[in-house]
$ cat coords.tsv   # TSV, C-alpha atoms
chain	number	residue	atom	x	y	z
C	1	ILE	CA	15.15	-32.59	77.92
C	2	ALA	CA	11.98	-31.11	79.33
C	3	ARG	CA	11.36	-27.46	79.84
C	4	ALA	CA	8.31	-25.24	80.24
C	5	SER	CA	8.28	-21.48	79.83
C	6	ASN	CA	5.07	-19.63	79.10
C	7	ASN	CA	3.90	-22.70	77.24
C	8	LYS	CA	6.33	-21.99	74.38
C	9	LEU	CA	8.59	-25.05	74.67
C	10	GLN	CA	7.61	-28.11	76.60
C	11	TYR	CA	9.84	-30.96	75.50
C	12	GLY	CA	12.82	-31.61	73.36
C	13	TRP	CA	14.80	-34.79	73.11
C	14	SER	CA	16.87	-36.97	70.78
C	15	TYR	CA	14.97	-39.83	69.19
C	16	ASN	CA	16.55	-42.12	66.58
C	17	GLY	CA	19.29	-39.54	66.10
C	18	ALA	CA	16.86	-36.71	65.46
C	19	VAL	CA	16.15	-33.78	67.70
C	20	GLU	CA	12.49	-32.88	68.13
C	21	PHE	CA	10.95	-29.82	69.72
C	22	MET	CA	7.37	-29.77	70.88
C	23	GLY	CA	5.26	-27.02	72.30
C	24	GLY	CA	1.82	-25.60	72.59
C	25	GLY	CA	0.69	-28.24	75.07
C	26	SER	CA	1.12	-31.08	72.60
C	27	TYR	CA	3.61	-33.90	72.15
C	28	THR	CA	3.46	-33.51	68.37
C	29	PRO	CA	6.88	-32.34	67.09
C	30	LYS	CA	6.89	-28.77	65.85
C	31	ILE	CA	10.55	-28.72	64.76
C	32	THR	CA	12.56	-31.78	63.77
C	33	ILE	CA	16.29	-31.66	63.09
C	34	ASN	CA	17.13	-34.76	61.08
C	35	THR	CA	20.41	-36.66	61.06
C	36	ASP	CA	21.18	-35.43	57.48
C	37	GLY	CA	21.11	-31.84	58.66
C	38	SER	CA	17.69	-31.04	57.25
C	39	THR	CA	15.09	-29.38	59.45
C	40	THR	CA	11.35	-29.88	59.25
C	41	PHE	CA	8.90	-27.27	60.52
C	42	ALA	CA	5.39	-28.48	61.27
C	43	GLY	CA	3.88	-24.99	61.04
C	44	ASN	CA	4.56	-21.57	59.63
C	45	VAL	CA	8.02	-20.02	59.86
C	46	ASN	CA	8.15	-16.36	60.74
C	47	ILE	CA	11.32	-14.27	60.33
C	48	SER	CA	11.26	-10.77	61.70
C	49	GLY	CA	13.93	-8.21	62.31
C	50	ALA	CA	15.04	-4.70	61.61
C	51	SER	CA	16.83	-3.50	58.47
C	52	THR	CA	15.75	-6.00	55.76
C	53	PRO	CA	15.44	-9.41	57.45
C	54	GLN	CA	16.31	-12.27	55.17
C	55	LEU	CA	16.38	-16.00	54.64
C	56	LYS	CA	19.74	-16.97	53.18
C	57	ILE	CA	20.34	-20.27	51.40
C	58	THR	CA	23.90	-21.23	50.45
C	59	ASP	CA	25.01	-24.01	48.10
C	60	THR	CA	28.51	-24.63	49.43
C	61	THR	CA	29.34	-27.05	46.62
C	62	ASN	CA	28.76	-24.56	43.81
C	63	ASN	CA	29.29	-21.42	45.89
C	64	LEU	CA	25.82	-20.09	45.11
C	65	VAL	CA	23.75	-17.94	47.43
C	66	GLY	CA	20.03	-17.36	47.30
C	67	ARG	CA	18.20	-14.83	49.42
C	68	PHE	CA	14.64	-14.04	50.39
C	69	ARG	CA	14.56	-10.50	51.75
C	70	VAL	CA	11.97	-7.96	52.78
C	71	GLY	CA	12.66	-4.26	53.02
C	72	ASN	CA	12.11	-0.84	51.50
C	73	THR	CA	8.42	-1.68	50.78
C	74	ALA	CA	9.43	-4.63	48.57
C	75	MET	CA	10.28	-8.29	48.68
C	76	TYR	CA	13.46	-9.50	47.00
C	77	ILE	CA	14.19	-12.99	45.73
C	78	GLY	CA	17.52	-13.75	44.10
C	79	ALA	CA	21.27	-13.82	44.39
C	80	ASP	CA	23.04	-11.01	46.18
C	81	SER	CA	25.78	-9.45	44.05
C	82	SER	CA	27.81	-8.79	47.19
C	83	GLU	CA	28.36	-12.54	47.42
C	84	SER	CA	30.41	-12.36	44.17
C	85	VAL	CA	28.40	-15.17	42.60
C	86	ALA	CA	28.86	-15.36	38.82
C	87	SER	CA	26.40	-16.63	36.17
C	88	THR	CA	23.50	-16.88	38.55
C	89	SER	CA	19.87	-17.24	37.53
C	90	LEU	CA	16.52	-17.40	39.25
C	91	GLN	CA	14.22	-20.12	37.92
C	92	LEU	CA	10.59	-20.70	38.79
C	93	GLN	CA	9.55	-24.27	38.16
C	94	VAL	CA	6.36	-26.32	38.03
C	95	ASP	CA	6.73	-30.11	38.31
C	96	ALA	CA	10.51	-29.74	38.06
C	97	GLU	CA	10.17	-27.85	34.72
C	98	THR	CA	11.39	-24.27	34.43
C	99	LYS	CA	8.64	-21.84	33.47
C	100	LEU	CA	10.39	-18.53	34.16
C	101	GLN	CA	14.15	-17.96	34.03
C	102	LEU	CA	15.75	-14.72	35.18
C	103	THR	CA	19.45	-14.31	34.39
C	104	GLU	CA	21.87	-11.43	34.73
C	105	THR	CA	21.11	-10.30	31.14
C	106	ILE	CA	17.65	-11.56	30.18
C	107	SER	CA	14.31	-12.78	31.52
C	108	ARG	CA	12.83	-15.74	29.69
C	109	PHE	CA	9.54	-17.62	29.76
C	110	GLN	CA	10.16	-21.25	28.85
C	111	ASN	CA	8.06	-24.23	27.79
C	112	ASN	CA	4.73	-22.42	27.98
C	113	ASN	CA	2.76	-19.52	26.54
C	114	VAL	CA	2.39	-16.12	28.15
C	115	SER	CA	-0.99	-14.50	28.72
C	116	ILE	CA	-1.84	-11.11	30.18
C	117	ARG	CA	-5.34	-11.23	31.60
C	118	ARG	CA	-7.47	-8.54	33.19
C	119	ASN	CA	-11.07	-8.75	34.29
C	120	ASP	CA	-13.42	-6.25	32.60
C	121	THR	CA	-10.63	-3.97	31.40
C	122	VAL	CA	-7.88	-3.80	28.80
C	123	ALA	CA	-4.75	-5.92	29.26
C	124	VAL	CA	-1.53	-3.93	28.72
C	125	LEU	CA	2.07	-4.90	28.01
C	126	ASN	CA	4.32	-1.90	28.62
C	127	PHE	CA	7.74	-1.16	27.13
C	128	GLU	CA	9.37	1.76	28.93
C	129	ARG	CA	12.55	3.71	28.20
C	130	ASN	CA	13.82	5.72	31.15
C	131	ASP	CA	15.70	8.53	29.44
C	132	SER	CA	15.76	12.25	30.15
C	133	SER	CA	16.40	13.03	26.47
C	134	ILE	CA	14.67	10.99	23.77
C	135	VAL	CA	15.55	11.96	20.19
C	136	ALA	CA	14.85	10.60	16.72
C	137	GLY	CA	16.04	7.04	16.28
C	138	ASN	CA	15.99	6.10	19.98
C	139	ASP	CA	14.36	2.70	20.48
C	140	LEU	CA	11.38	2.66	22.85
C	141	GLY	CA	10.83	-1.08	22.77
C	142	GLN	CA	11.23	-4.16	20.60
C	143	LEU	CA	9.66	-7.53	20.03
C	144	GLN	CA	12.32	-9.85	18.62
C	145	PHE	CA	11.47	-13.21	17.07
C	146	LYS	CA	14.28	-15.79	17.28
C	147	GLY	CA	14.84	-19.40	16.41
C	148	ALA	CA	17.59	-21.85	17.31
C	149	ASP	CA	19.60	-23.39	14.50
C	150	PRO	CA	23.07	-25.02	14.51
C	151	SER	CA	24.73	-21.62	14.84
C	152	GLY	CA	22.71	-20.62	17.92
C	153	TRP	CA	19.70	-18.43	18.65
C	154	ASN	CA	19.22	-16.05	15.71
C	155	GLU	CA	16.79	-13.21	15.13
C	156	GLY	CA	14.48	-13.61	12.13
C	157	ALA	CA	12.10	-10.66	12.53
C	158	ARG	CA	11.48	-7.64	14.75
C	159	ILE	CA	8.68	-5.22	15.61
C	160	SER	CA	10.01	-2.04	17.16
C	161	ALA	CA	8.87	1.40	18.21
C	162	GLU	CA	11.33	4.27	18.02
C	163	ALA	CA	11.26	8.02	18.38
C	164	ASP	CA	10.41	9.84	15.15
C	165	GLY	CA	11.74	13.13	16.46
C	166	THR	CA	12.71	14.83	19.71
C	167	TRP	CA	10.33	14.23	22.59
C	168	ASP	CA	9.13	17.18	24.64
C	169	THR	CA	6.19	18.12	26.84
C	170	ASP	CA	3.05	16.68	25.21
C	171	VAL	CA	5.09	15.95	22.07
C	172	TYR	CA	5.92	12.27	21.53
C	173	PRO	CA	6.63	11.58	17.83
C	174	THR	CA	6.94	7.84	17.37
C	175	ARG	CA	7.17	5.43	14.44
C	176	ILE	CA	6.66	1.67	14.33
C	177	LYS	CA	8.85	-0.59	12.20
C	178	PHE	CA	8.35	-4.14	11.02
C	179	ASP	CA	11.70	-5.68	10.09
C	180	VAL	CA	12.34	-9.08	8.50
C	181	LYS	CA	15.50	-10.95	7.65
C	182	ALA	CA	16.13	-13.13	4.60
C	183	THR	CA	19.87	-13.62	5.12
C	184	ASP	CA	21.86	-11.97	7.91
C	185	THR	CA	20.57	-8.39	7.62
C	186	LEU	CA	17.31	-6.96	8.89
C	187	GLN	CA	15.29	-5.11	6.26
C	188	THR	CA	12.34	-2.83	6.97
C	189	ALA	CA	9.18	-4.29	5.43
C	190	LEU	CA	6.83	-1.62	6.79
C	191	LYS	CA	7.37	1.67	8.60
C	192	LEU	CA	4.52	3.71	10.06
C	193	ALA	CA	5.64	7.26	10.78
C	194	SER	CA	4.20	9.67	13.32
C	195	ASN	CA	2.65	11.78	10.52
C	196	MET	CA	0.66	8.69	9.44
C	197	ASP	CA	2.88	8.04	6.41
C	198	ALA	CA	3.56	4.37	5.66
C	199	THR	CA	6.65	3.12	3.86
C	200	LEU	CA	6.64	-0.36	2.32
C	201	GLY	CA	9.84	-2.21	1.63
C	202	GLY	CA	8.42	-4.78	-0.76
C	203	ASP	CA	5.33	-6.11	-2.53
C	204	VAL	CA	1.89	-5.88	-0.95
C	205	THR	CA	-0.70	-8.59	-1.52
C	206	VAL	CA	-4.35	-8.10	-0.56
C	207	SER	CA	-6.09	-11.48	-0.51
C	208	GLY	CA	-9.86	-11.67	-0.46
C	209	GLY	CA	-10.41	-8.03	0.44
C	210	ASN	CA	-10.03	-4.43	-0.60
C	211	LEU	CA	-7.18	-1.96	-0.23
C	212	THR	CA	-8.87	1.33	0.63
C	213	LEU	CA	-7.23	4.77	0.56
C	214	SER	CA	-9.34	7.31	2.45
C	215	GLY	CA	-9.00	11.06	1.96
C	216	ASN	CA	-6.50	12.95	-0.14
C	217	GLY	CA	-2.99	11.61	-0.32
C	218	THR	CA	-0.04	10.79	-2.53
C	219	ILE	CA	1.40	7.46	-3.64
C	220	THR	CA	5.10	8.02	-4.29
C	221	THR	CA	7.55	5.53	-5.72
C	222	GLY	CA	11.20	5.70	-6.62
C	223	GLY	CA	10.69	3.14	-9.37
C	224	TYR	CA	7.70	1.80	-11.31
C	225	TRP	CA	4.17	0.90	-10.26
C	226	HIS	CA	2.36	-2.06	-11.78
C	227	ILE	CA	-1.32	-2.75	-11.10
C	228	ALA	CA	-2.30	-6.21	-12.28
C	229	SER	CA	-4.57	-9.13	-11.57
C	230	ALA	CA	-2.70	-12.22	-10.45
C	231	ALA	CA	-5.32	-14.33	-12.22
C	232	ASN	CA	-5.04	-12.94	-15.75
C	233	GLY	CA	-2.47	-10.14	-15.65
C	234	ASN	CA	-5.06	-7.46	-16.43
C	235	GLY	CA	-4.98	-4.13	-14.62
C	236	TYR	CA	-8.07	-2.37	-13.31
C	237	LEU	CA	-8.57	1.22	-12.17
C	238	ASP	CA	-12.00	2.15	-10.83
C	239	ALA	CA	-12.74	5.44	-9.07
C	240	GLY	CA	-16.51	5.04	-9.00
C	241	GLY	CA	-16.80	8.14	-11.21
C	242	THR	CA	-14.60	10.23	-13.47
C	243	ILE	CA	-10.97	9.12	-13.27
C	244	TYR	CA	-8.23	11.75	-13.33
C	245	ILE	CA	-4.55	11.12	-13.83
C	246	ARG	CA	-2.73	14.22	-12.70
C	247	ASP	CA	0.76	15.66	-12.80
C	248	LYS	CA	1.79	16.63	-9.26
C	249	ASP	CA	4.80	18.62	-10.46
C	250	ALA	CA	2.53	20.69	-12.72
C	251	GLY	CA	0.19	21.82	-9.97
C	252	ASN	CA	-1.90	18.64	-10.16
C	253	ALA	CA	-2.87	19.43	-13.76
C	254	ASP	CA	-5.15	16.85	-15.39
C	255	ARG	CA	-3.17	14.86	-17.96
C	256	ILE	CA	-5.71	12.09	-18.68
C	257	THR	CA	-9.43	12.29	-17.92
C	258	ILE	CA	-11.65	9.22	-18.22
C	259	ASP	CA	-15.39	9.89	-18.18
C	260	THR	CA	-16.83	6.66	-16.85
C	261	ALA	CA	-20.38	7.72	-17.83
C	262	THR	CA	-19.61	8.13	-21.55
C	263	GLY	CA	-16.43	6.09	-21.82
C	264	ASN	CA	-14.61	9.06	-23.36
C	265	THR	CA	-10.95	9.62	-22.58
C	266	THR	CA	-9.36	13.05	-22.93
C	267	PHE	CA	-5.61	13.56	-23.21
C	268	ALA	CA	-4.29	16.98	-22.27
C	269	GLY	CA	-1.14	16.55	-24.36
C	270	ASN	CA	0.16	14.63	-27.35
C	271	VAL	CA	-0.28	10.87	-27.59
C	272	TYR	CA	2.74	8.90	-28.75
C	273	LEU	CA	2.90	5.34	-30.08
C	274	GLU	CA	6.18	3.48	-30.42
C	275	ALA	CA	7.35	2.59	-33.94
C	276	THR	CA	5.28	-0.08	-35.76
C	277	LYS	CA	2.63	-0.11	-33.00
C	278	ILE	CA	-1.06	-0.19	-33.95
C	279	LEU	CA	-3.89	2.18	-33.04
C	280	TYR	CA	-7.15	0.18	-33.26
C	281	LEU	CA	-10.32	2.09	-34.09
C	282	ASP	CA	-13.21	-0.37	-33.96
C	283	GLY	CA	-12.28	-2.71	-31.11
C	284	GLY	CA	-12.53	-5.66	-33.44
C	285	GLY	CA	-8.88	-5.75	-34.41
C	286	ASN	CA	-9.23	-5.33	-38.21
C	287	THR	CA	-9.52	-1.54	-38.57
C	288	TYR	CA	-6.51	0.40	-37.46
C	289	ILE	CA	-3.70	2.84	-38.22
C	290	ARG	CA	-0.12	1.74	-38.00
C	291	GLU	CA	3.42	2.62	-39.01
C	292	VAL	CA	4.55	-0.27	-41.20
C	293	SER	CA	8.09	1.07	-41.59
C	294	SER	CA	9.98	4.23	-40.80
C	295	ASP	CA	7.80	7.26	-41.67
C	296	SER	CA	5.32	5.10	-43.62
C	297	VAL	CA	1.78	5.03	-42.22
C	298	GLN	CA	-0.94	2.61	-43.27
C	299	ILE	CA	-4.71	2.82	-42.87
C	300	VAL	CA	-6.38	-0.58	-42.72
C	301	THR	CA	-10.16	-0.90	-42.91
C	302	GLY	CA	-11.87	-4.22	-42.32
C	303	GLY	CA	-8.52	-5.94	-42.73
C	304	THR	CA	-7.81	-4.31	-46.14
C	305	VAL	CA	-5.14	-1.67	-46.67
C	306	THR	CA	-6.91	1.39	-48.08
C	307	ALA	CA	-4.21	4.05	-47.86
C	308	GLN	CA	-0.54	4.42	-47.16
C	309	PHE	CA	1.31	7.66	-46.51
C	310	THR	CA	5.02	8.40	-46.74
C	311	GLY	CA	6.86	11.65	-46.48
C	312	THR	CA	6.38	12.35	-50.20
C	313	ALA	CA	3.55	10.16	-51.48
C	314	LEU	CA	0.04	8.88	-50.84
C	315	THR	CA	-0.90	5.40	-52.03
C	316	LEU	CA	-4.61	4.59	-52.19
C	317	ARG	CA	-6.07	1.11	-52.50
C	318	ASN	CA	-9.72	0.15	-52.93
C	319	THR	CA	-10.72	3.67	-52.01
C	320	SER	CA	-13.84	5.59	-53.02
C	321	PHE	CA	-14.16	9.37	-52.78
C	322	ASN	CA	-17.38	11.13	-51.88
C	323	GLY	CA	-15.98	14.58	-52.45
C	324	HIS	CA	-13.46	16.63	-54.43
C	325	ILE	CA	-9.75	15.89	-54.59
C	326	THR	CA	-7.88	19.14	-54.77
C	327	ALA	CA	-4.14	19.73	-55.24
C	328	ALA	CA	-2.48	21.87	-52.65
C	329	THR	CA	-0.71	23.96	-55.31
C	330	ASP	CA	-1.85	24.67	-58.88
C	331	SER	CA	-0.08	22.81	-61.71
C	332	THR	CA	2.49	21.26	-59.35
C	333	PHE	CA	1.60	17.66	-58.46
C	334	ASN	CA	1.00	14.58	-60.64
C	335	ILE	CA	-1.33	11.63	-60.46
C	336	GLY	CA	0.93	8.71	-61.21
C	337	SER	CA	4.20	8.97	-63.15
C	338	ASN	CA	5.68	7.88	-66.49
C	339	GLY	CA	7.41	5.04	-64.71
C	340	THR	CA	4.40	4.01	-62.61
C	341	ARG	CA	1.22	4.48	-64.59
C	342	PHE	CA	-2.40	3.82	-63.84
C	343	ALA	CA	-3.85	1.01	-65.92
C	344	ALA	CA	-6.96	2.98	-66.72
C	345	VAL	CA	-8.38	6.37	-65.88
C	346	TYR	CA	-12.15	6.73	-66.01
C	347	ALA	CA	-13.62	10.22	-66.11
C	348	ASP	CA	-16.50	12.05	-67.73
C	349	VAL	CA	-14.52	15.18	-68.47
C	350	LEU	CA	-10.81	15.96	-68.48
C	351	TYR	CA	-9.82	19.62	-68.31
C	352	GLY	CA	-6.58	21.20	-69.42
C	353	ASP	CA	-5.11	23.62	-71.95
C	354	GLY	CA	-4.17	20.66	-74.19
C	355	SER	CA	-0.52	21.61	-74.49
C	356	ASN	CA	0.57	19.02	-71.97
C	357	ILE	CA	-1.70	16.20	-73.12
C	358	THR	CA	0.49	13.82	-75.13
C	359	ASN	CA	0.41	10.28	-76.44
C	360	ILE	CA	-3.38	10.11	-76.40
C	361	THR	CA	-4.66	9.05	-79.79
C	362	GLN	CA	-8.27	9.84	-79.17
C	363	ALA	CA	-9.02	13.18	-77.70
C	364	ASN	CA	-12.76	12.95	-77.54
C	365	ASN	CA	-14.28	14.83	-74.61
C	366	LEU	CA	-11.02	16.61	-73.86
C	367	GLN	CA	-11.67	20.25	-72.97
$ encode --input "coords.tsv" --output "structure tokens"
Amino acid sequence: IARASNNKLQYGWSYNGAVEFMGGGSYTPKITINTDGSTTFAGNVNISGASTPQLKITDTTNNLVGRFRVGNTAMYIGADSSESVASTSLQLQVDAETKLQLTETISRFQNNNVSIRRNDTVAVLNFERNDSSIVAGNDLGQLQFKGADPSGWNEGARISAEADGTWDTDVYPTRIKFDVKATDTLQTALKLASNMDATLGGDVTVSGGNLTLSGNGTITTGGYWHIASAANGNGYLDAGGTIYIRDKDAGNADRITIDTATGNTTFAGNVYLEATKILYLDGGGNTYIREVSSDSVQIVTGGTVTAQFTGTALTLRNTSFNGHITAATDSTFNIGSNGTRFAAVYADVLYGDGSNITNITQANNLQ
């Protein structure tokens, strides 16, 4: 078949079962329709038309339809829902390997990393919630970390941003949460609120660095705080100056003051030791005060018991006096007793009216 019209189509004929079309003043085929139904274009293919022109590709075996469409200031690639095609996906491949998969419920990058790159400016990944009313607890975006095990794809951790209050004009309270999962339930490990408060859900370990608290603030716990060194179990508190331990419920009243210049510690209230505990005085461990039994207090000096107090008696051992010993009440208290006597009493002068001095055979120097 030979035909010429404005130099658009010159020849077309059947050769070896194929149909070839040539044009442009050349015998080189521009369009070839092969015997298997495939068509080869030797140049560009232009599709133009009104009202969203499209290239439609149909898989008649699996009843799948793919479309390339242009319209409404956009280009569309995908399956048309009007074709009633179920479980469709769009997959972009390189060397027959899927790199991007778009399904009806999720978009997934596969088999490669994802980078966002900008030249000479900041790269941004946006999470956007289109909602006319955003209130506390509404999720704004999430990063979910999943892994496949025998039971399927399961979430192990999550980073999420959610509203921390009602959004309004120029008011966007937002908190960020870091959630982890040990079993089947997500637990919040860290929450950063819009007022800059941080809530920790577990232990915090600072390795090879400092944990710095800037400005005035409050550390609040519902349980107990323990400050310790992992190396030796010792706890350290250093404020770089005088250290104050205050009672927030008492108007931040100072309860313990540690003067780091002098080493002195001042307690604003009573100091209590548990029963039988020791209060060391010299730092060497052999001079101390302790309760040896219920309501019985011992004073130990240099490892030797020198005095012991009970509710009714004072026992002295290896003790020297550099001053007077005076009874609290006249003619009321004894030194020793008939049942527990001193072995010897040494004195220069003993005073008394003599009426109560008995069983002493020699009364020299008695006045």
$ residues_around --input "coords.tsv" --residues "stretch 156-163 of chain C" --least-positions-apart "3" --cutoff "6 Å" --atoms "all atoms listed in the file" --output "JSON list (two decimals) with C-alpha atoms, in the coordinates of the input"
[["chain", "number", "residue", "atom", "x", "y", "z"],
["C", 136, "ALA", "CA", 14.85, 10.60, 16.72],
["C", 137, "GLY", "CA", 16.04, 7.04, 16.28],
["C", 138, "ASN", "CA", 15.99, 6.10, 19.98],
["C", 139, "ASP", "CA", 14.36, 2.70, 20.48],
["C", 140, "LEU", "CA", 11.38, 2.66, 22.85],
["C", 141, "GLY", "CA", 10.83, -1.08, 22.77],
["C", 142, "GLN", "CA", 11.23, -4.16, 20.60],
["C", 143, "LEU", "CA", 9.66, -7.53, 20.03],
["C", 144, "GLN", "CA", 12.32, -9.85, 18.62],
["C", 145, "PHE", "CA", 11.47, -13.21, 17.07],
["C", 146, "LYS", "CA", 14.28, -15.79, 17.28],
["C", 173, "PRO", "CA", 6.63, 11.58, 17.83],
["C", 174, "THR", "CA", 6.94, 7.84, 17.37],
["C", 175, "ARG", "CA", 7.17, 5.43, 14.44],
["C", 176, "ILE", "CA", 6.66, 1.67, 14.33],
["C", 177, "LYS", "CA", 8.85, -0.59, 12.20],
["C", 178, "PHE", "CA", 8.35, -4.14, 11.02],
["C", 179, "ASP", "CA", 11.70, -5.68, 10.09],
["C", 180, "VAL", "CA", 12.34, -9.08, 8.50],
["C", 181, "LYS", "CA", 15.50, -10.95, 7.65]]
$ closest_residue --input "coords.tsv" --among "C:Val300, C:Ala253, C:Ile116, C:Val124" --to "C:Thr287" --atoms "all atoms listed in the file"
C:Val300
$ atom_distance --input "coords.tsv" --atom1 "atom CA of C:Ala148" --atom2 "atom CA of C:Leu102"
19.3 Å
$ residues_near_point --input "coords.tsv" --point "(9.4, -4.7, 1.4)" --cutoff "8 Å" --atoms "only C-alpha atoms" --output "JSON, numbers by chain"
{"C": [187, 188, 189, 190, 200, 201, 202, 203, 204]}
$ atom_distance --input "coords.tsv" --atom1 "atom CA of C:Val305" --atom2 "atom CA of C:Tyr288"
9.5 Å
$ atom_distance --input "coords.tsv" --atom1 "atom CA of C:Ser296" --atom2 "atom CA of C:Asn338"
23.0 Å
$ residues_around --input "coords.tsv" --residues "stretch 56-60 of chain C" --least-positions-apart "3" --cutoff "10 Å" --atoms "only C-alpha atoms" --output "list of chain:residue names"
C:Pro53, C:Asn63, C:Leu64, C:Val65, C:Gly66, C:Arg67, C:Phe68, C:Arg69, C:Gly78, C:Ala79, C:Asp80
$ decode --input "coords.tsv" --residues "stretch 295-364 of chain C" --atoms "C-alpha atoms" --output "mmCIF file, in the first residue's frame"
data_model
loop_
_atom_site.group_PDB
_atom_site.id
_atom_site.type_symbol
_atom_site.label_atom_id
_atom_site.label_comp_id
_atom_site.auth_asym_id
_atom_site.auth_seq_id
_atom_site.Cartn_x
_atom_site.Cartn_y
_atom_site.Cartn_z
ATOM 1 C CA ASP C 295 16.554 2.870 125.151
ATOM 2 C CA SER C 296 20.198 2.089 126.002
ATOM 3 C CA VAL C 297 22.763 4.440 124.462
ATOM 4 C CA GLN C 298 26.508 3.844 124.370
ATOM 5 C CA ILE C 299 29.372 6.277 123.842
ATOM 6 C CA VAL C 300 32.444 4.640 122.345
ATOM 7 C CA THR C 301 35.752 6.508 122.167
ATOM 8 C CA GLY C 302 38.704 5.070 120.290
ATOM 9 C CA GLY C 303 36.964 1.710 120.242
ATOM 10 C CA THR C 304 36.420 1.650 124.050
ATOM 11 C CA VAL C 305 33.021 2.019 125.685
ATOM 12 C CA THR C 306 33.259 5.019 128.009
ATOM 13 C CA ALA C 307 29.630 5.594 128.951
ATOM 14 C CA GLN C 308 26.257 3.964 128.666
ATOM 15 C CA PHE C 309 22.909 5.588 129.382
ATOM 16 C CA THR C 310 19.559 3.980 130.103
ATOM 17 C CA GLY C 311 16.317 5.505 131.171
ATOM 18 C CA THR C 312 17.316 5.325 134.851
ATOM 19 C CA ALA C 313 21.087 4.905 135.054
ATOM 20 C CA LEU C 314 24.444 6.097 133.764
ATOM 21 C CA THR C 315 27.307 3.619 133.530
ATOM 22 C CA LEU C 316 30.802 5.079 133.147
ATOM 23 C CA ARG C 317 33.860 3.135 132.056
ATOM 24 C CA ASN C 318 37.451 4.372 131.873
ATOM 25 C CA THR C 319 36.227 7.910 132.260
ATOM 26 C CA SER C 320 38.041 10.915 133.710
ATOM 27 C CA PHE C 321 36.302 14.089 134.861
ATOM 28 C CA ASN C 322 37.789 17.542 134.472
ATOM 29 C CA GLY C 323 35.024 19.255 136.362
ATOM 30 C CA HIS C 324 32.419 18.861 139.109
ATOM 31 C CA ILE C 325 29.811 16.120 139.220
ATOM 32 C CA THR C 326 26.652 17.520 140.701
ATOM 33 C CA ALA C 327 23.424 15.709 141.589
ATOM 34 C CA ALA C 328 20.294 17.108 140.074
ATOM 35 C CA THR C 329 18.456 16.995 143.420
ATOM 36 C CA ASP C 330 19.952 17.244 146.924
ATOM 37 C CA SER C 331 20.196 14.027 148.972
ATOM 38 C CA THR C 332 18.281 11.984 146.373
ATOM 39 C CA PHE C 333 20.629 9.951 144.171
ATOM 40 C CA ASN C 334 23.266 7.322 145.017
ATOM 41 C CA ILE C 335 26.647 6.418 143.619
ATOM 42 C CA GLY C 336 26.495 2.656 143.378
ATOM 43 C CA SER C 337 24.194 0.473 145.476
ATOM 44 C CA ASN C 338 24.407 -2.119 148.260
ATOM 45 C CA GLY C 339 23.990 -4.831 145.674
ATOM 46 C CA THR C 340 26.440 -3.339 143.155
ATOM 47 C CA ARG C 341 29.314 -1.688 144.973
ATOM 48 C CA PHE C 342 32.419 0.080 143.803
ATOM 49 C CA ALA C 343 35.583 -1.833 144.604
ATOM 50 C CA ALA C 344 37.319 1.267 145.881
ATOM 51 C CA VAL C 345 36.521 4.932 146.259
ATOM 52 C CA TYR C 346 39.451 7.333 146.276
ATOM 53 C CA ALA C 347 38.887 10.846 147.571
ATOM 54 C CA ASP C 348 40.710 13.482 149.564
ATOM 55 C CA VAL C 349 37.677 14.571 151.532
ATOM 56 C CA LEU C 350 34.245 13.045 152.060
ATOM 57 C CA TYR C 351 31.517 15.355 153.315
ATOM 58 C CA GLY C 352 28.339 14.428 155.125
ATOM 59 C CA ASP C 353 26.546 14.778 158.460
ATOM 60 C CA GLY C 354 27.880 11.343 159.506
ATOM 61 C CA SER C 355 24.489 9.903 160.360
ATOM 62 C CA ASN C 356 24.280 7.954 157.136
ATOM 63 C CA ILE C 357 27.885 6.760 157.017
ATOM 64 C CA THR C 358 27.840 3.129 158.140
ATOM 65 C CA ASN C 359 30.066 0.075 158.052
ATOM 66 C CA ILE C 360 33.241 2.134 157.710
ATOM 67 C CA THR C 361 35.710 1.123 160.387
ATOM 68 C CA GLN C 362 38.091 3.974 159.876
ATOM 69 C CA ALA C 363 36.604 7.386 159.698
ATOM 70 C CA ASN C 364 39.740 9.392 159.227
#
